[in-house]
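Enquirer: Shown below is the structure under consideration.
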Amino acid sequence: MTKKTVFILMLTTLLFACQKGKDSTEIKIDKLISEMTLDEKIGQMNQLTGMGLSDDMKEQLKNGRVGSILNEVDVNIINELQRIAVEESRLHIPLIFGRDVIHGYKTIFPIPLGQAASWDPKIAETGARIAAEEATSVGIRWTFAPMVDVSRDPRWGRIAESCGEDPYLTSVFGAAMVKGFQGDKLSDSNSMAACAKHFAGYGAAEAGKDYNTTWIPDVQLRDVYLPSFKAAVDAGAATFMCSFNDINGVPSSGNKYLNRDILRDEWKFDGMLVSDWGSIDQMISHGVSANLKNAAAKAIEAGVDMDMMALAYITHLKKLVEEGVISEKIIDESVRNILRVKFRLGLFENPNVKPDSNAFYKPEAIAAAKYAAEESAVLLKNNNLLPLGSSFKTVAVVGPLADAALEQFGTWSFDAEPAHAVTPLKAITDMYGKQYKIIGEPGLVFSRDSNATGITKAVAAAKKADVVLVFAGEEAILSGEAHCRADISLPGLQNQLISELKKTGKPIVLVIMAGRPLTIEKQINESNAVLYAFHGGTMAGPALADLIFGKVIPSGKLPVTIPRMVGQIPVYYAHKMTGRPGTNFVTIDKIPIGVFQTSLGNTSFHLDAGDKPLYPFGYGLSYSTFEYSKVKLSAKTMEKNGKITAECTVKNTGKFDAKEVVQLYVRDPVASLARPVRELKGFEKILLKAGESKTIKFEIDATQLGFWHEDKTYYAEPGEFQVWISKDSQSGEAVSFKLK
Ligand code: GLC
């Protein structure tokens with residue numbers, strides 16, 4: 001088709017559009033659909049993983065049997081595949097190329113769980129923007145991110161990919177990532193369609209075992225697991241992805257209630273819903289479909305527009321239409337959603353990408369990645385050891401993650417290049433090697449290492465040093481999809497390494513690089529200072545170096561609870577009070593011999609762990625200290641549709657200029673359903689100079705006080721509410737007001 005013909009066609013459509021007053025894109029879609037055969041429609045619903053320029057793929061493209069390709073990253077192959085799809089197919093419909101660009105493409109940012117620990121959504125937005133600029137430079141226009149599954153189970157490998165346990169924090173970060181990926185205009189060549197995933201309830205997998213079943217009552221689904229997806233819709237996410245799990249026996253890929261009633265009818269989402277990899281086919285394994293044909297019918301009826309790699313649609317949809325099992329109308333709806341995203345991305349006008357060999361690792365990207373890693377680290381403990389001062393002359397840098405470039409990327413970093421990562425050992429040597437004598441000795445070769453011979457060398461290095469920096473944690477492979485752990489302690493002989501180092505009597509700084517909270521109470525007790533850095537990405541090393549030596553002050557706060565023991569899980573801050581909250585209990589180490597059966601305090605706790613986690617959601621220290629005034633409310637009552645202001649003055653009482661994340665929590669102590677003991681409803685990260693005070697104000701209205709009721713309505717019930725403005729989810733004093 002010549003350019004002139006295309007121009008005339010588009011002009012006609014546009015004129016036609018004006019007559020009908022309909023959105024011009026919809027008119028173009030109408031026109032295109034009216035020309036498509038059933039085969040071509042079904043072809044758009046078929047997503048395949050890249051096969052290079054294989055003859056098979058070329059043939060399928062010419063015949064219009066593919067709507068999207070994922071995991072192709074060679075810009076020349078992408079352009080050639082696109083050229084075939086556009087020039088050699090009958091209707092010239094461009095492909096959309098997708099990839100999991102979760103926390104960076106080449107310049108890798110901290111894993112999302114780490115980014116959430118920064119409590120600075122701008123960091124997530126900037127990281128997503130940079131990822132989009134790098135990935136679109138090779139032709140990737142669709143990322144399968146943000147993952148906005150609320151996760152309260154650190155055994156689950158994908159907690160690494162999440163923004164933690166809280167619906168509000170996850171909503172804020174998910175929306176920021178959508179904005180970053182999609183940029184100002186989706187049709188800009190450096191914008192990528194975001195994909196809110198995995199819809200929904202995936203983080204509730206039983207036993208923290210991936211793909212496992214979930215049992216989620218509707219009120220909990222709507223209170224906890226859906227808000228972050230609704231926030232993604234409100235942020236304009238172009239696409240959604242189904243989750244692998246079933247909710248109460250219904251797999252998401254066949255869940256009409258989820259995908260049609262909620263996503264389309266309640267939320268008015270008009271983007272595209274893609275299955276997860278093979279998730280349509282997996283309905284057979286789930287036991288709700290006897291065969292792929294039935295699974296295809298279930299999925300299309302449930303509103304799944306595109307089939308990622310199950311070959312269910314391309315194989316069975318036509319027959320299902322011919323047999324009258326499904327209507328062509330329902331197929332048109334899905335094709336419309338797919339074409340809408342392609343039009344919005346500008347793929348019809350600009351299907352190809354101009355390669356840009358300077359797109360990766362730009363200085364501003366590297367700087368942003370370092371800043372993100374700095375802001376993501378959470379200081380858990382500091383017995384006046386950090387920041388390291390000049391009194392120390394020799395520093396031992398040990399541990400399996402001290403110089404492990406690949407590992408610090410964390411999970412979901414397919415396109416990362418270890419050669420570009422700066423490890424802690426390299427950074428400390430390059431940046432601080434003049435002021436300090438640095439001795440590097442891993443002690444263990446990798447995090448799961450069970451060979452103790454290296455420990456002796458590490459201990460010897462420690463003995464020669466004034467202070468020991470231990471970089472411990474998890475290899476990247478130990479978290480992420482399908483990488484769940486039933487024991488979340490430090491793998492391998494790391495605990496032994498730390499205990500041996502402790503015996504040297506040297507002060508220890510423990511730095512954890514991991515994809516999840518770990519049960520490390522003993523190791524924390526053996527250390528003088530502890531920084532929890534998650535997997536910090538390309539620039540984890542320089543960030544940690546500047547944090548340890550004080551050029552940067554830690555400001556991260558936990559986006560997820562750190563349990564004392566794996567047996568406490570699920571343990572999270574927004575729990576219910578229960579009828580017997582854990583009070584005056586006796587723990588196992590204090591039980592006298594031969595006591596009477598009911599003498600330990602009949603309340604909600606574990607004999608061997610008590611009733612509190614090791615560190616709560618929202619917790620994080622600084623090198624400075626902060627004081628919070630009593631919370632002041634602008635009124636003691638709130639009108640039904642009114643609002644009140646809660647304010648608190650925060651003072652930096654330490655000697656460092658530092659940042660603090662001021663958090664707003666509320667509680668409904670008496671309601672028709674038992675409500676959580678606290679719920680995060682706002683936060684603000686502020687910088688205070690040493691000695692400086694600042695009054696932080698939060699507006700509260702009834703929309704933040706409501707919850708979902710069993711009749712599927714959301715509203716706040718009149719009565720007393722409690723408010724905290726505090727430094728974490730366990731501290732602060734509540735003040736109350738009444739909602740009329
Ligand atoms: C995987 C993941 C999903 C990812 C998709 C494509 O199985 O569940 O998050 O986007 O397949 O790689």
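Letters for chains follow the order of the structure tokens (A, B, ...), residue numbers begin at 1 for each chain, and ligand numbers begin at 1 in the order shown.
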Please extract the residues at most 8 Å from ligand 1, counting only C-alpha atoms and all ligand atoms, and provide them as an mmCIF file with N, CA, C and O atoms, in the first residue's frame, using the chain letters and residue numbers of this document.

Expert:
data_model
loop_
_atom_site.group_PDB
_atom_site.id
_atom_site.type_symbol
_atom_site.label_atom_id
_atom_site.label_comp_id
_atom_site.auth_asym_id
_atom_site.auth_seq_id
_atom_site.Cartn_x
_atom_site.Cartn_y
_atom_site.Cartn_z
ATOM 1 N N LEU A 70 7.046 -11.580 22.266
ATOM 2 C CA LEU A 70 7.771 -11.176 23.474
ATOM 3 C C LEU A 70 9.158 -11.808 23.456
ATOM 4 O O LEU A 70 9.396 -12.801 22.773
ATOM 5 N N ASN A 71 10.052 -11.151 24.186
ATOM 6 C CA ASN A 71 11.414 -11.651 24.398
ATOM 7 C C ASN A 71 12.298 -11.604 23.175
ATOM 8 O O ASN A 71 13.308 -12.295 23.120
ATOM 9 N N ARG A 99 8.411 -7.242 26.721
ATOM 10 C CA ARG A 99 9.557 -7.789 27.465
ATOM 11 C C ARG A 99 9.353 -7.460 28.935
ATOM 12 O O ARG A 99 8.697 -6.457 29.269
ATOM 13 N N ASP A 100 9.898 -8.307 29.796
ATOM 14 C CA ASP A 100 9.835 -8.009 31.236
ATOM 15 C C ASP A 100 10.923 -7.003 31.598
ATOM 16 O O ASP A 100 12.035 -7.395 31.953
ATOM 17 N N THR A 143 6.076 -3.286 28.341
ATOM 18 C CA THR A 143 6.758 -3.983 29.419
ATOM 19 C C THR A 143 5.721 -4.688 30.289
ATOM 20 O O THR A 143 4.616 -4.188 30.476
ATOM 21 N N PHE A 144 6.099 -5.835 30.822
ATOM 22 C CA PHE A 144 5.178 -6.575 31.693
ATOM 23 C C PHE A 144 5.458 -6.147 33.142
ATOM 24 O O PHE A 144 5.956 -6.907 33.945
ATOM 25 N N ALA A 145 5.150 -4.877 33.363
ATOM 26 C CA ALA A 145 5.367 -4.262 34.690
ATOM 27 C C ALA A 145 4.507 -3.012 34.739
ATOM 28 O O ALA A 145 4.122 -2.505 33.696
ATOM 29 N N MET A 147 4.545 -4.901 38.548
ATOM 30 C CA MET A 147 3.921 -5.971 39.314
ATOM 31 C C MET A 147 3.394 -5.340 40.599
ATOM 32 O O MET A 147 4.160 -4.876 41.425
ATOM 33 N N LYS A 197 0.254 -6.158 36.768
ATOM 34 C CA LYS A 197 0.175 -7.615 36.923
ATOM 35 C C LYS A 197 0.434 -7.980 38.357
ATOM 36 O O LYS A 197 0.938 -7.145 39.127
ATOM 37 N N HIS A 198 -0.007 -9.200 38.791
ATOM 38 C CA HIS A 198 -0.753 -10.223 38.056
ATOM 39 C C HIS A 198 -2.156 -10.211 38.650
ATOM 40 O O HIS A 198 -2.302 -10.376 39.857
ATOM 41 N N MET A 241 -2.304 -7.971 33.092
ATOM 42 C CA MET A 241 -1.976 -9.389 32.886
ATOM 43 C C MET A 241 -2.651 -10.242 33.956
ATOM 44 O O MET A 241 -2.674 -9.876 35.125
ATOM 45 N N SER A 243 -3.252 -13.376 36.504
ATOM 46 C CA SER A 243 -2.344 -14.092 37.410
ATOM 47 C C SER A 243 -2.518 -15.599 37.204
ATOM 48 O O SER A 243 -3.542 -16.058 36.702
ATOM 49 N N PHE A 244 -1.523 -16.359 37.626
ATOM 50 C CA PHE A 244 -1.557 -17.813 37.441
ATOM 51 C C PHE A 244 -2.511 -18.501 38.415
ATOM 52 O O PHE A 244 -3.035 -19.562 38.138
ATOM 53 N N ASP A 276 -1.149 -14.748 31.408
ATOM 54 C CA ASP A 276 0.261 -14.947 31.716
ATOM 55 C C ASP A 276 0.725 -16.139 30.863
ATOM 56 O O ASP A 276 -0.068 -16.804 30.203
ATOM 57 N N TRP A 277 2.010 -16.394 30.911
ATOM 58 C CA TRP A 277 2.601 -17.403 30.015
ATOM 59 C C TRP A 277 1.919 -18.767 30.180
ATOM 60 O O TRP A 277 2.093 -19.422 31.200
ATOM 61 N N GLY A 278 1.122 -19.138 29.192
ATOM 62 C CA GLY A 278 0.486 -20.448 29.236
ATOM 63 C C GLY A 278 -0.627 -20.568 30.261
ATOM 64 O O GLY A 278 -1.157 -21.648 30.506
ATOM 65 N N MET A 308 -0.891 -15.475 25.791
ATOM 66 C CA MET A 308 0.560 -15.569 25.821
ATOM 67 C C MET A 308 0.960 -17.030 25.848
ATOM 68 O O MET A 308 0.802 -17.713 26.860
ATOM 69 N N GLU A 481 10.334 -15.418 40.258
ATOM 70 C CA GLU A 481 9.310 -16.403 39.915
ATOM 71 C C GLU A 481 9.751 -17.824 40.204
ATOM 72 O O GLU A 481 10.843 -18.227 39.850
#

Enquirer: Running DSSP on the backbone, which parts of segment 93-208 of chain A land in strand (DSSP E), as a PyMOL selection string?

Expert: chain A and resi 96-99+142-143+195-199

Enquirer: Could you state the separation of atom CA of Ile553 of chain A and atom CA of Gly399 of chain A in Å, given to one decimal place?

Expert: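 Atom CA of Gly399 of chain A lies at a distance of 23.0 Å from atom CA of Ile553 of chain A.
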
Enquirer: How many Å lie between atom CA of Phe446 of chain A and atom CA of Ala461 of chain A, rounded to one decimal?

Expert: 18.1 Å

Enquirer: Please identify all polymer residues within 9 Å of segment 233-237 of chain A, counting only C-alpha atoms, omitting same-chain residues fewer than 6 positions from it, and present them as a PyMOL selection string.

Expert: chain A and resi 174-176+178-179+182+193-196+263+267-269+271

Enquirer: For the atom pair atom CA of Leu226 of chain A and atom CA of Ser376 of chain A, what is the interatomic distance in Å to one decimal place?

Expert: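 Those two atoms sit 25.3 Å apart.
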
Enquirer: From the set A:Lys640, A:Lys727, A:His535, A:Lys426, which residue has the shortest atom-to-atom contact distance to Ala476 of chain A, counting only C-alpha atoms?

Expert: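 Of A:Lys640, A:Lys727, A:His535, A:Lys426, the one nearest Ala476 of chain A is A:His535, counting only C-alpha atoms.
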
Enquirer: Restricting the calculation to only C-alpha atoms: of A:Pro387, A:Gly157, A:Pro676, A:Pro363, which residue gets closest to Val552 of chain A?

Expert: A:Pro387

Enquirer: Taking the backbone alone, and naming residues the way the document does, which bits of segment 372-440 of chain A are alpha helix (DSSP H) by DSSP, as a PyMOL selection string?

Expert: chain A and resi 372-376+405-409+424-432

Enquirer: If we count only C-alpha atoms, what is near Lys738 of chain A at a cut-off of 8 Å, once residues fewer than 6 positions away on the same chain are taken out, given as a ChimeraX atom specification?

Expert: /A:636-638,718-721

Enquirer: Go through A:Phe596, A:Tyr105, A:Tyr665, A:Trp142 one by one, measure the shortest atom-to-atom distance of each to Leu345 of chain A using only C-alpha atoms, and give the residue with the smallest value.

Expert: A:Trp142

Enquirer: Which polymer residues have any atom within 10 Å of an atom of Phe698 of chain A, counting only C-alpha atoms, with same-chain residues fewer than 2 positions away left out, as a PyMOL selection string?

Expert: chain A and resi 633+644-648+663-664+681-684+696+700-701+725

Enquirer: May I have the selected residues written with all heavy atoms, as a short mmCIF file (atom, residue, chain, number, x, y, z; two decimals), in the first residue's frame?

Expert:
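Contents of the output file selection-v7.cif:
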data_model
loop_
_atom_site.label_atom_id
_atom_site.label_comp_id
_atom_site.auth_asym_id
_atom_site.auth_seq_id
_atom_site.Cartn_x
_atom_site.Cartn_y
_atom_site.Cartn_z
N LEU A 633 -5.23 17.58 65.64
CA LEU A 633 -6.28 17.48 64.62
C LEU A 633 -6.98 18.83 64.48
O LEU A 633 -7.15 19.55 65.45
CB LEU A 633 -7.32 16.42 65.04
CG LEU A 633 -6.79 14.99 65.16
CD1 LEU A 633 -7.89 14.07 65.68
CD2 LEU A 633 -6.23 14.49 63.86
N ILE A 644 -10.66 16.49 57.70
CA ILE A 644 -9.94 17.18 58.78
C ILE A 644 -8.45 17.10 58.46
O ILE A 644 -8.03 16.35 57.58
CB ILE A 644 -10.20 16.53 60.17
CG1 ILE A 644 -9.71 15.10 60.19
CG2 ILE A 644 -11.66 16.63 60.57
CD1 ILE A 644 -9.69 14.51 61.60
N THR A 645 -7.68 17.91 59.15
CA THR A 645 -6.23 17.89 58.95
C THR A 645 -5.56 17.35 60.21
O THR A 645 -5.93 17.74 61.32
CB THR A 645 -5.71 19.32 58.67
OG1 THR A 645 -6.42 19.82 57.54
CG2 THR A 645 -4.22 19.31 58.37
N ALA A 646 -4.63 16.47 60.00
CA ALA A 646 -3.81 15.98 61.13
C ALA A 646 -2.41 16.52 60.91
O ALA A 646 -1.90 16.49 59.80
CB ALA A 646 -3.80 14.47 61.14
N GLU A 647 -1.82 17.06 61.97
CA GLU A 647 -0.47 17.58 61.79
C GLU A 647 0.44 17.17 62.94
O GLU A 647 -0.02 16.87 64.03
CB GLU A 647 -0.49 19.10 61.65
CG GLU A 647 -0.94 19.84 62.88
CD GLU A 647 -0.85 21.37 62.68
OE1 GLU A 647 -1.49 21.87 61.73
OE2 GLU A 647 -0.12 22.00 63.48
N CYS A 648 1.71 17.17 62.63
CA CYS A 648 2.71 16.75 63.60
C CYS A 648 4.01 17.48 63.28
O CYS A 648 4.35 17.64 62.11
CB CYS A 648 2.92 15.25 63.48
SG CYS A 648 4.24 14.58 64.47
N GLN A 663 4.86 9.02 58.49
CA GLN A 663 3.79 8.13 58.03
C GLN A 663 2.47 8.41 58.74
O GLN A 663 2.45 8.62 59.94
CB GLN A 663 4.23 6.68 58.27
CG GLN A 663 5.55 6.32 57.56
CD GLN A 663 6.28 5.15 58.20
OE1 GLN A 663 5.66 4.13 58.55
NE2 GLN A 663 7.60 5.29 58.35
N LEU A 664 1.41 8.36 57.96
CA LEU A 664 0.05 8.58 58.51
C LEU A 664 -0.71 7.26 58.53
O LEU A 664 -0.81 6.58 57.51
CB LEU A 664 -0.71 9.57 57.63
CG LEU A 664 -2.21 9.72 57.92
CD1 LEU A 664 -2.43 10.49 59.23
CD2 LEU A 664 -2.92 10.43 56.77
N LYS A 681 -2.21 5.53 55.34
CA LYS A 681 -3.07 6.34 54.47
C LYS A 681 -2.34 7.53 53.87
O LYS A 681 -2.91 8.30 53.10
CB LYS A 681 -4.29 6.84 55.24
CG LYS A 681 -5.22 5.72 55.69
CD LYS A 681 -5.84 4.97 54.51
CE LYS A 681 -6.69 3.82 54.97
NZ LYS A 681 -7.18 3.00 53.84
N GLY A 682 -1.07 7.68 54.25
CA GLY A 682 -0.30 8.80 53.69
C GLY A 682 1.14 8.73 54.20
O GLY A 682 1.42 8.06 55.20
N PHE A 683 2.03 9.38 53.45
CA PHE A 683 3.41 9.48 53.93
C PHE A 683 4.09 10.63 53.21
O PHE A 683 3.66 11.05 52.12
CB PHE A 683 4.19 8.18 53.72
CG PHE A 683 4.32 7.75 52.29
CD1 PHE A 683 5.37 8.21 51.49
CD2 PHE A 683 3.37 6.91 51.72
CE1 PHE A 683 5.48 7.81 50.16
CE2 PHE A 683 3.48 6.50 50.40
CZ PHE A 683 4.53 6.96 49.61
N GLU A 684 5.12 11.14 53.83
CA GLU A 684 5.88 12.22 53.20
C GLU A 684 7.36 12.07 53.60
O GLU A 684 7.66 11.94 54.78
CB GLU A 684 5.35 13.59 53.63
CG GLU A 684 5.96 14.73 52.82
CD GLU A 684 5.37 16.10 53.19
OE1 GLU A 684 4.22 16.14 53.70
OE2 GLU A 684 6.08 17.10 53.01
N ILE A 696 4.33 18.69 59.53
CA ILE A 696 3.79 17.93 58.40
C ILE A 696 2.29 17.81 58.57
O ILE A 696 1.81 17.45 59.65
CB ILE A 696 4.41 16.52 58.35
CG1 ILE A 696 5.94 16.62 58.36
CG2 ILE A 696 3.93 15.74 57.14
CD1 ILE A 696 6.52 17.41 57.21
N ILE A 700 -7.33 14.31 55.83
CA ILE A 700 -8.02 13.02 55.92
C ILE A 700 -9.47 13.24 55.56
O ILE A 700 -10.10 14.18 56.07
CB ILE A 700 -7.92 12.44 57.35
CG1 ILE A 700 -6.45 12.32 57.80
CG2 ILE A 700 -8.60 11.08 57.43
CD1 ILE A 700 -6.30 11.98 59.28
N ASP A 701 -10.01 12.40 54.68
CA ASP A 701 -11.45 12.47 54.42
C ASP A 701 -12.04 11.07 54.46
O ASP A 701 -11.31 10.08 54.55
CB ASP A 701 -11.75 13.17 53.08
CG ASP A 701 -11.26 12.35 51.91
OD1 ASP A 701 -11.28 11.10 52.00
OD2 ASP A 701 -10.78 12.93 50.93
N ILE A 725 0.57 9.78 63.44
CA ILE A 725 1.61 10.26 62.51
C ILE A 725 2.92 9.83 63.17
O ILE A 725 3.26 10.30 64.26
CB ILE A 725 1.58 11.78 62.31
CG1 ILE A 725 0.25 12.19 61.65
CG2 ILE A 725 2.77 12.24 61.46
CD1 ILE A 725 0.10 13.69 61.44
#

Enquirer: Extract, using only C-alpha atoms, all DNA, RNA and protein residues at most 9 Å from Tyr572 of chain A, discarding same-chain residues fewer than 2 positions from it, and format them as a list of chain:residue names.

Expert: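 The residues satisfying every condition are A:Arg152, A:Asp153, A:Glu165, A:Asp166, A:Val560, A:Thr561, A:Ile562, A:Pro563, A:Ile569, A:Pro570, A:Ala574, A:His575, A:Pro613, A:Pro616, A:Phe617.
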
Enquirer: Using only C-alpha atoms, please write the residues we just selected to a file, as a compact mmCIF listing (two decimals), in the first residue's frame.

Expert:
# COMPACT_ATOMS: atom_id res chain seq x y z
CA ARG A 152 2.70 -10.53 52.88
CA ASP A 153 4.70 -13.72 52.63
CA GLU A 165 2.76 -5.73 52.03
CA ASP A 166 0.72 -2.57 51.95
CA VAL A 560 7.51 -5.27 54.36
CA THR A 561 7.67 -6.76 57.84
CA ILE A 562 10.80 -8.69 58.84
CA PRO A 563 9.73 -11.75 60.86
CA ILE A 569 4.36 -15.97 58.61
CA PRO A 570 2.01 -14.45 57.60
CA ALA A 574 -2.15 -4.29 59.23
CA HIS A 575 -3.36 -7.34 61.12
CA PRO A 613 8.01 -9.38 64.24
CA PRO A 616 7.79 -3.73 61.62
CA PHE A 617 6.56 -2.27 58.35

Enquirer: Sort by chain and increasing residue number a table of all residues of segment 127-171 of chain A within 7 Å of segment 515-518 of chain A, each with its closest pair of atoms and their distance in Å to one decimal, counting only C-alpha atoms, and write it as a Markdown table.

Expert:
| residue | atom | partner | partner_atom | distance |
| --- | --- | --- | --- | --- |
| A:Pro154 | CA | A:Arg516 | CA | 5.6 |
| A:Ile159 | CA | A:Arg516 | CA | 6.3 |
| A:Ala160 | CA | A:Gly515 | CA | 4.7 |

Enquirer: Write out, as a compact mmCIF listing (two decimals), in the first residue's frame, the residues just selected, with C-alpha atoms.

Expert:
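selection-v5.txt was written with the following content:
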# COMPACT_ATOMS: atom_id res chain seq x y z
CA PRO A 154 8.50 -13.50 52.27
CA ILE A 159 7.89 -10.60 46.86
CA ALA A 160 11.13 -9.31 45.34
